[in-house]
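Chemist: Quick one: the structure is below, and I'll ask about it shortly.
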Amino acid sequence: MIGWPARVLAAAVMALGASAQAEPACPGSAEGYGRLGGPNAEISVRLEPAVSKVGQFFAVDIVVCRAPAGKTVQTIVVDATMPAHGHGMNYRPAVAQTGEGAFRATGLMLHMPGEWWLTFDVVQGDRRTRLALNVLLKP
């Protein structure tokens, strides 16, 4: 017979297993993804090609790992800004849903070397959760 603490622990482990199965699988570094997270959301992102060059188009694969409960993620808005110069990209990327909680942004180009911020707005109805990735683009 299992004692009380062991039964509680077993129930907690089973509950964690059930909730982990309900969350989408979040790819990691083995698949070339990096994670961005905050208190309200977490995503995995992969740049393609992994090392961008000045003036080269690139794409970003995005997987929503965790988002505020209650609403599905409708889209992700992707943008980039160069804080030292106060401007963004010369092109507007296109974002398409590729699966449940998975998106691909294409048409991104960083046209100057330096520090860039890639921003990802996770959109759920009228709610947006912003996550950002710092990219240092070398000449």
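Labels for the structure tokens follow display order: chains A, B, ..., residues from 1 in each chain, ligands from 1.
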Identify, with DSSP run on backbone atoms, the residues in chain A assigned to strand (DSSP E or B), and express the list as a PyMOL selection string.
Modeler: chain A and resi 34-37+42-48+57-66+75-82+87-88+94-99+102-109+114-124+127-137
Chemist: Any idea what's packed within 12 Å of Phe58 (chain A), counting only C-alpha atoms, ignoring anything in its chain fewer than 5 positions away? Could you give it as a list in words?
Modeler: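 Here the answer would be Arg46, Leu47, Glu48, Pro49, Ala50, Val51, Ser52, Lys53, Tyr91, Pro93, Ala94, Arg104, Ala105, Thr106, Gly107, Leu108, Met109, Leu110 and His111 of chain A.
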Chemist: According to DSSP computed on the backbone, where in chain A is there alpha helix (DSSP H)? Give the residues as a ChimeraX atom specification.
Modeler: /A:4-22
Chemist: Based on the selection just made, write C-alpha atoms of those residues as a tab-separated table (two decimals), in the first residue's frame.
Modeler:
chain	number	residue	atom	x	y	z
A	4	TRP	CA	-0.22	9.36	1.85
A	5	PRO	CA	2.81	11.46	0.71
A	6	ALA	CA	3.60	8.98	-2.05
A	7	ARG	CA	-0.05	9.00	-3.29
A	8	VAL	CA	-0.05	12.82	-3.39
A	9	LEU	CA	3.27	12.83	-5.25
A	10	ALA	CA	2.02	10.21	-7.72
A	11	ALA	CA	-1.15	12.26	-8.36
A	12	ALA	CA	0.92	15.43	-8.89
A	13	VAL	CA	3.23	13.67	-11.34
A	14	MET	CA	0.22	12.31	-13.26
A	15	ALA	CA	-1.35	15.80	-13.37
A	16	LEU	CA	1.90	17.32	-14.61
A	17	GLY	CA	2.14	14.66	-17.28
A	18	ALA	CA	-1.41	15.40	-18.42
A	19	SER	CA	-0.82	19.17	-18.58
A	20	ALA	CA	2.50	18.69	-20.37
A	21	GLN	CA	0.72	16.68	-23.06
A	22	ALA	CA	-1.82	19.49	-23.52
Chemist: Which residues are close to region 136-138 of chain A, i.e. within 6 Å by only C-alpha atoms, leaving aside same-chain residues fewer than 4 positions away? Reply as a list in words.
Modeler: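 Those residues are Pro113, Gly114 and Glu115 of chain A.
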Chemist: Would you list the contacts of Pro27 (chain A) as a PyMOL selection string, taking every protein, DNA or RNA residue within 9 Å and counting only C-alpha atoms, but skipping same-chain residues closer than 6 positions in sequence?
Modeler: chain A and resi 33-35+44-45+63+65
Chemist: Those residues with N, CA and C atoms, as a PDB file, in the first residue's frame please?
Modeler:
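To be explicit, this is the file written out as out.pdb:
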ATOM      1  N   TYR A  33      16.431  25.876 -32.663  1.00  0.00           N
ATOM      2  CA  TYR A  33      15.558  26.917 -32.109  1.00  0.00           C
ATOM      3  C   TYR A  33      16.152  27.506 -30.833  1.00  0.00           C
ATOM      4  N   GLY A  34      15.817  28.753 -30.582  1.00  0.00           N
ATOM      5  CA  GLY A  34      16.095  29.413 -29.320  1.00  0.00           C
ATOM      6  C   GLY A  34      14.768  29.834 -28.719  1.00  0.00           C
ATOM      7  N   ARG A  35      14.716  29.960 -27.413  1.00  0.00           N
ATOM      8  CA  ARG A  35      13.457  30.303 -26.742  1.00  0.00           C
ATOM      9  C   ARG A  35      13.444  31.745 -26.281  1.00  0.00           C
ATOM     10  N   SER A  44       9.412  29.563 -29.399  1.00  0.00           N
ATOM     11  CA  SER A  44      10.702  29.118 -29.909  1.00  0.00           C
ATOM     12  C   SER A  44      10.850  29.713 -31.301  1.00  0.00           C
ATOM     13  N   VAL A  45      12.044  30.227 -31.611  1.00  0.00           N
ATOM     14  CA  VAL A  45      12.290  30.838 -32.914  1.00  0.00           C
ATOM     15  C   VAL A  45      13.552  30.246 -33.537  1.00  0.00           C
ATOM     16  N   VAL A  63       7.305  28.868 -33.077  1.00  0.00           N
ATOM     17  CA  VAL A  63       6.376  27.921 -32.447  1.00  0.00           C
ATOM     18  C   VAL A  63       5.955  28.508 -31.108  1.00  0.00           C
ATOM     19  N   CYS A  65       4.889  28.157 -27.579  1.00  0.00           N
ATOM     20  CA  CYS A  65       5.020  27.117 -26.561  1.00  0.00           C
ATOM     21  C   CYS A  65       4.031  27.343 -25.418  1.00  0.00           C
TER      22      CYS A  65
END
Chemist: I'd like the interatomic distance between CA of Ala59 (chain A) and CA of Gln124 (chain A), to a tenth of an Å.
Modeler: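 A separation of 22.5 Å between them.
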Chemist: Within 8 Å of Leu131 (chain A), counting only C-alpha atoms, which residues show up once you throw out same-chain ones fewer than 2 positions away? Write them as a PyMOL selection string, please.
Modeler: chain A and resi 36-38+119-122+129+133
Chemist: Would you write out those residues with C-alpha atoms, as a PDB file, in the first residue's frame?
Modeler:
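Result file follows (part-v7.pdb):
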ATOM      1  CA  LEU A  36      12.016  33.688 -25.894  1.00  0.00           C
ATOM      2  CA  GLY A  37       9.733  34.042 -22.920  1.00  0.00           C
ATOM      3  CA  GLY A  38       8.072  36.353 -20.491  1.00  0.00           C
ATOM      4  CA  THR A 119      10.004  41.647 -32.129  1.00  0.00           C
ATOM      5  CA  PHE A 120       7.312  38.993 -32.034  1.00  0.00           C
ATOM      6  CA  ASP A 121       3.797  40.068 -31.049  1.00  0.00           C
ATOM      7  CA  VAL A 122       1.705  37.042 -30.081  1.00  0.00           C
ATOM      8  CA  THR A 129       2.157  39.880 -25.937  1.00  0.00           C
ATOM      9  CA  LEU A 133      15.303  38.917 -29.728  1.00  0.00           C
TER      10      LEU A 133
END
Chemist: Any idea what's packed within 12 Å of Arg128 (chain A), counting only C-alpha atoms, ignoring anything in its chain fewer than 2 positions away? Could you give it as a list in words?
Modeler: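 Contacts, in chain order: Asn40, Ala41, Ala67, Pro68, Lys71, Thr72, Val73, Gln74, Thr75, Ile76, Val77, Val78, Thr119, Phe120, Asp121, Val122, Val123, Gln124, Gly125, Asp126, Arg130 and Leu131 of chain A.
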Chemist: Determine, counting only C-alpha atoms, which protein, DNA and RNA residues have an atom within 12 Å of an atom of Gly86 (chain A); residues of the same chain fewer than 3 positions away are not included. Present the result as a ChimeraX atom specification.
Modeler: /A:80-83,89,115-117
Chemist: Print the selection's residues with N, CA and C atoms to a file, as a PDB file, in the first residue's frame.
Modeler:
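Okay, this is what ended up in result-v6.pdb:
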ATOM      1  N   ALA A  80      11.305  44.333 -37.043  1.00  0.00           N
ATOM      2  CA  ALA A  80      12.675  44.555 -36.572  1.00  0.00           C
ATOM      3  C   ALA A  80      12.954  46.042 -36.548  1.00  0.00           C
ATOM      4  N   THR A  81      13.655  46.471 -35.509  1.00  0.00           N
ATOM      5  CA  THR A  81      14.049  47.871 -35.398  1.00  0.00           C
ATOM      6  C   THR A  81      15.520  47.953 -35.022  1.00  0.00           C
ATOM      7  N   MET A  82      16.111  49.058 -35.392  1.00  0.00           N
ATOM      8  CA  MET A  82      17.504  49.330 -35.063  1.00  0.00           C
ATOM      9  C   MET A  82      17.500  50.490 -34.068  1.00  0.00           C
ATOM     10  N   PRO A  83      17.573  50.189 -32.774  1.00  0.00           N
ATOM     11  CA  PRO A  83      17.398  51.237 -31.760  1.00  0.00           C
ATOM     12  C   PRO A  83      18.419  52.373 -31.841  1.00  0.00           C
ATOM     13  N   MET A  89      13.091  48.028 -40.589  1.00  0.00           N
ATOM     14  CA  MET A  89      13.499  47.424 -41.853  1.00  0.00           C
ATOM     15  C   MET A  89      12.894  48.197 -43.027  1.00  0.00           C
ATOM     16  N   GLU A 115      23.208  46.600 -34.057  1.00  0.00           N
ATOM     17  CA  GLU A 115      22.253  45.938 -33.176  1.00  0.00           C
ATOM     18  C   GLU A 115      20.831  46.128 -33.699  1.00  0.00           C
ATOM     19  N   TRP A 116      20.104  45.026 -33.807  1.00  0.00           N
ATOM     20  CA  TRP A 116      18.704  45.017 -34.228  1.00  0.00           C
ATOM     21  C   TRP A 116      17.889  44.306 -33.161  1.00  0.00           C
ATOM     22  N   TRP A 117      16.635  44.704 -33.028  1.00  0.00           N
ATOM     23  CA  TRP A 117      15.681  43.997 -32.173  1.00  0.00           C
ATOM     24  C   TRP A 117      14.604  43.395 -33.059  1.00  0.00           C
TER      25      TRP A 117
END
Chemist: If you measure from CA of Asp79 (chain A) to CA of Asn134 (chain A), what distance in Å do you get, rounded to one decimal?
Modeler: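 Going from CA of Asp79 (chain A) over to CA of Asn134 (chain A), I get 12.1 Å.
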Chemist: Which residue gives the smallest distance to Gly88 (chain A) among A:Gly32, A:Gly101, A:Met112, A:Val60, with only C-alpha atoms counted?
Modeler: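 For Gly88 (chain A), the nearest of the given residues is A:Met112.
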Chemist: How far is it from CA of Glu31 (chain A) to CA of Gln56 (chain A), in Å with one decimal?
Modeler: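 Those two atoms sit 22.4 Å apart.
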